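Structure first, then comments.
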There are 2 protein chains.
Amino acid sequence: MATELKGLTKRSVNYSQWYNELVVKAELAEQADVRGCMVIRPYGYAIWEKIQQELDRKFKATGVQNAYFPLLIPKSFLSKEAEHVEGFAKECAVVTHYRLKTNETHDGVVVDPAAKLEEELIIRPTSETIIWNTYKNWIKSYRDLPILCNQWCNVMRWEMRTRLFLRTSEFLWQEGHTAHATREEAEDRAKMMLKVYADFAEQYMAVPVIQGVKSETERFAGALDTYTIEAMMQDGKALQSGTSHFLGQNFGKAFDVTFLNRNQEQEYAWATSWGVSTRLMGALIMTHSDDNGLVLPPKLAPLQVVIVPIWKTDGQLEAINGKVAEIQARLQEMGISVKYDNDDQKRPGFKFADYELKGVPVRVVIGARDMENGTAEIMRRDTLEKETVSQDGIEDYIQKLLGDIQDNIYRKALEHRDAHIYECDDYEVFKEKIKDGGFFLCHWDGTPETEARIKEETQATIRCVPYMFEQTPGTDMVSGKPAKFRVLIARAY
Amino acid sequence: MATELKGLTKRSVNYSQWYNELVVKAELAEQADVRGCMVIRPYGYAIWEKIQQELDRKFKATGVQNAYFPLLIPKSFLSKEAEHVEGFAKECAVVTHYRLKTNETHDGVVVDPAAKLEEELIIRPTSETIIWNTYKNWIKSYRDLPILCNQWCNVMRWEMRTRLFLRTSEFLWQEGHTAHATREEAEDRAKMMLKVYADFAEQYMAVPVIQGVKSETERFAGALDTYTIEAMMQDGKALQSGTSHFLGQNFGKAFDVTFLNRNQEQEYAWATSWGVSTRLMGALIMTHSDDNGLVLPPKLAPLQVVIVPIWKTDGQLEAINGKVAEIQARLQEMGISVKYDNDDQKRPGFKFADYELKGVPVRVVIGARDMENGTAEIMRRDTLEKETVSQDGIEDYIQKLLGDIQDNIYRKALEHRDAHIYECDDYEVFKEKIKDGGFFLCHWDGTPETEARIKEETQATIRCVPYMFEQTPGTDMVSGKPAKFRVLIARAY
């Protein structure tokens, strides 16, 4: 597959276009010929697999097990939980028939009108309903609890305006659904999973996040509380990167899931659900990448090191090949993924640009002169800095460098974010400043009316009530009414 | 979740019912409240995950990369490849609308008639069409080839009669789709992937398989050749466990996927596709399990060893706990999964029956007397044989035993199969004998007419032209016409 190296729009010119082009040029994903759906290409999927593996390991460490529930949900299930249907049942793909037949001219197929379903089936937009309908049969006593299930699957929400990874009609995600005997245990689980997400985002994706709880307006449909992690992109906009919901007994009641508690009384089961999706790919790309292409955190890069030889004679290449074989073997032993690209059909300059576009964290170049000197040139993708190092001990140098890059891009993203968080007490100032992006900590009177006004006048939304900032009472900057705390306000993806 | 231990129908009484009950009682899967769909429960899914991991590793070792393509396929795509549409486009779930709305009484939802799709979308029954429509944009020159993509996903074929794992409307699978510059390379790839499947089935699932090529009638719709692995269940019926298709240039032509070959000529790309599904779970269960429940190959068992203490006094339990902690730690170091079940709410007899039902390969019991003697009682699930061994070196003993069990259940399945393969030259004998199951090697004249007659009169089908038996010409047992080779005939799941 030919990589298109040229013509990547600069971030300063058009950040949005830069993103759209980068996703395609770096061969992460592309628009499918099916409205609103994407094809995730092998390079993009390899990153997603690394995300999956690590999250899956973290989930299982907390006792979660994977399972699989049906893709299709009977229409009537969606209306069993009143708030849920309001929030979710609308923009969905609806299956109405189960058979096609050959058309009259025998050159195509038509829907067989005789094969109409009695009850329409909905492609899952999320699976609370079908899963709680199943849990009903699994739960009799407190001894059957907790149930801690997760599934990795595809879901579908009919979106009118789509963008690769950020908002597509079909996307991949994991959805955890737990059932508990007590309210406290369920609340703890919802918070625990948010922490798992936050740790993963920061330690693996190198994306700093702000943890908090959503306002009532922004809550998941059917939740009593929605916890969220919010990341800041380079343009100062927020990207909601994961949510965890405390669902109370809403689904227990809707699907009649009761259990005999320790006091021998029938009680409705307590629920949580939590998910992250291929949206994380968007967060990863937009947080670190630059005008030359992707910048990937070493912990999630499908390829961590590439080695490129520069030679004139066959003898020179042979000598380099021999040396690289040793280096490659030692790196692989250390668990570092490495590729040696001695393809003689491509010029070094082409290779350099390609691996920069793909975000390979470390590039090693070895030329004939290096062989004489026992050296190699190393470039780190995050800063594009080059250094000449000795071939002796180069593996340890690279291992340390990968750690440095992981730390450095996190620090850089954190500094960028912290430099763009503002306490703001004046709505006029806010309205002006929000145009340039950033996170605003503002006092809020707690009413949906104020929230709606901010959204209407500035397109900014309350992202969350953040945990990490000290909370002080004050005056709502819009209504002038008393406010108990500050909320985080931003324009968001 | 309470396990229902009692009342598993014996295989000799009703093999089919035994299977259905076992899948549910062992908590592998259950029927969903959505027609023809299943819920894969955590214990069943844990086995599927082990299958996935190993296959995925084997695929990648041959250069395959994972990717993801859309769930929904525009109806018109299905009719682009003429044979494909005949074989596949019929029993499918059809999406016709993309929105629901609240009903007039505000207590439910109805399909919004205004949100009708211009072109219906089909939930993928298999993805050749959407993938080749995508490959069109990826392939320009022979330098872009081969493309070796695989996806792990869900697919849907509307089945009227379903059975858990064996035949469900929705199932999970992997589908590999490769594009090549030459016919030879594509044919080699199709055969290579069949070999990957066969090796996996035999070495991991401990299921012996017969490799071969399908007759024209039984070929995949759109294939020039379909290669298959066929396993024999305990009732003598065949279970097709994986297929690999050489698709020629059919999809290249249907989706206009051409490339500039080495001779600078435009040529259509050559294709393969290959898949295995959650059907493998059915093969695994039906090959090894017995009247006490599951028998799992150690290499795929989610839990390989369970240790159960038997005690009267707290002091005794404490001593056993201490000893087991040591054993457990050493087993885990060796990469063996182990659970210590000292739950005092369940009697040992209940635990024994439960772990037998679940097919845990090795059970270790340690009682107070064992502590005095420095011994433990070990039971292997495959033969139910018990042995008393020394606690010293028990970890090595268990490791070796797991290997023995893996080998033994394979050998047992192989002996059973080989004892039920018959060469048969007399159709009257065949018609009588087929009632008891078994694989029959019979001369076939190569005509679909004979094939159809056998199927109609005996419900048996030509499973494949097997590679592994020496081929001699002869006389078709049905038509009396000359036959070039013997084929494998059996009743099948």
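Within each chain, counting starts at residue 1; across the structure tokens, chains are named A, B, ... in the order shown, with ligands numbered 1 upward in that order.
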
When DSSP is applied to the backbone of this structure, which of segment 65-191 of chain A are assigned strand (DSSP E or B)? Write them out as a PyMOL selection string.
chain A and resi 65-66+68+72-74+94-97+100-102+109-111+116-123+141+147-156+163+167+170-180

Excluding same-chain residues fewer than 4 positions from Ala114 of chain A, what lies within 10 Å of it counting only C-alpha atoms, as a PyMOL selection string?
chain A and resi 97-100

Take the selection from the previous step and output its residues with C-alpha atoms, as an mmCIF file, in the first residue's frame.
data_model
loop_
_atom_site.group_PDB
_atom_site.id
_atom_site.type_symbol
_atom_site.label_atom_id
_atom_site.label_comp_id
_atom_site.auth_asym_id
_atom_site.auth_seq_id
_atom_site.Cartn_x
_atom_site.Cartn_y
_atom_site.Cartn_z
ATOM 1 C CA HIS A 97 -37.083 -8.319 7.471
ATOM 2 C CA TYR A 98 -35.115 -11.556 7.449
ATOM 3 C CA ARG A 99 -34.971 -12.588 3.813
ATOM 4 C CA LEU A 100 -34.081 -11.342 0.356
#

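One distance worth recording is that between atom CA of Asp370 of chain A and atom CA of Met334 of chain A, which is 23.8 Å.
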
Up to 8 Å from chain B, what residues of chain A turn up? Count only C-alpha atoms and give them as a ChimeraX atom specification.
/A:1-2,32-34,37-42,44-46,65-76,78-79,89-101,107-109,111,134,138-139,143-145,149,153,158,170

Find the residues around segment 345-355 of chain B up to 12 Å (only C-alpha atoms counted), leave out those fewer than 2 positions away in its own chain, and share them as a PyMOL selection string.
(chain A and resi 143) or (chain B and resi 1-6+8+25-27+291-296+301-312+339-343+357-367+378-381+384)

Picked from segment 193-347 of chain A by DSSP as helix (DSSP H, G or I), as number ranges by chain
A: 193-203, 216-218, 250-254, 279-288, 314-333

Near Thr126 of chain B, within 8 Å and counting only C-alpha atoms, which residues show up once chain neighbours fewer than 2 positions away are dropped, as a ChimeraX atom specification?
/B:124,128,155,175

Between atom CA of Arg161 of chain B and atom CA of Asn20 of chain B, measure the distance and give it in Å to one decimal.
13.5 Å

Have a look at atom CA of Lys435 of chain A and atom CA of Gln459 of chain A and let me know their distance in Å, one decimal.
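Straight-line distance from atom CA of Lys435 of chain A to atom CA of Gln459 of chain A works out to 9.5 Å.
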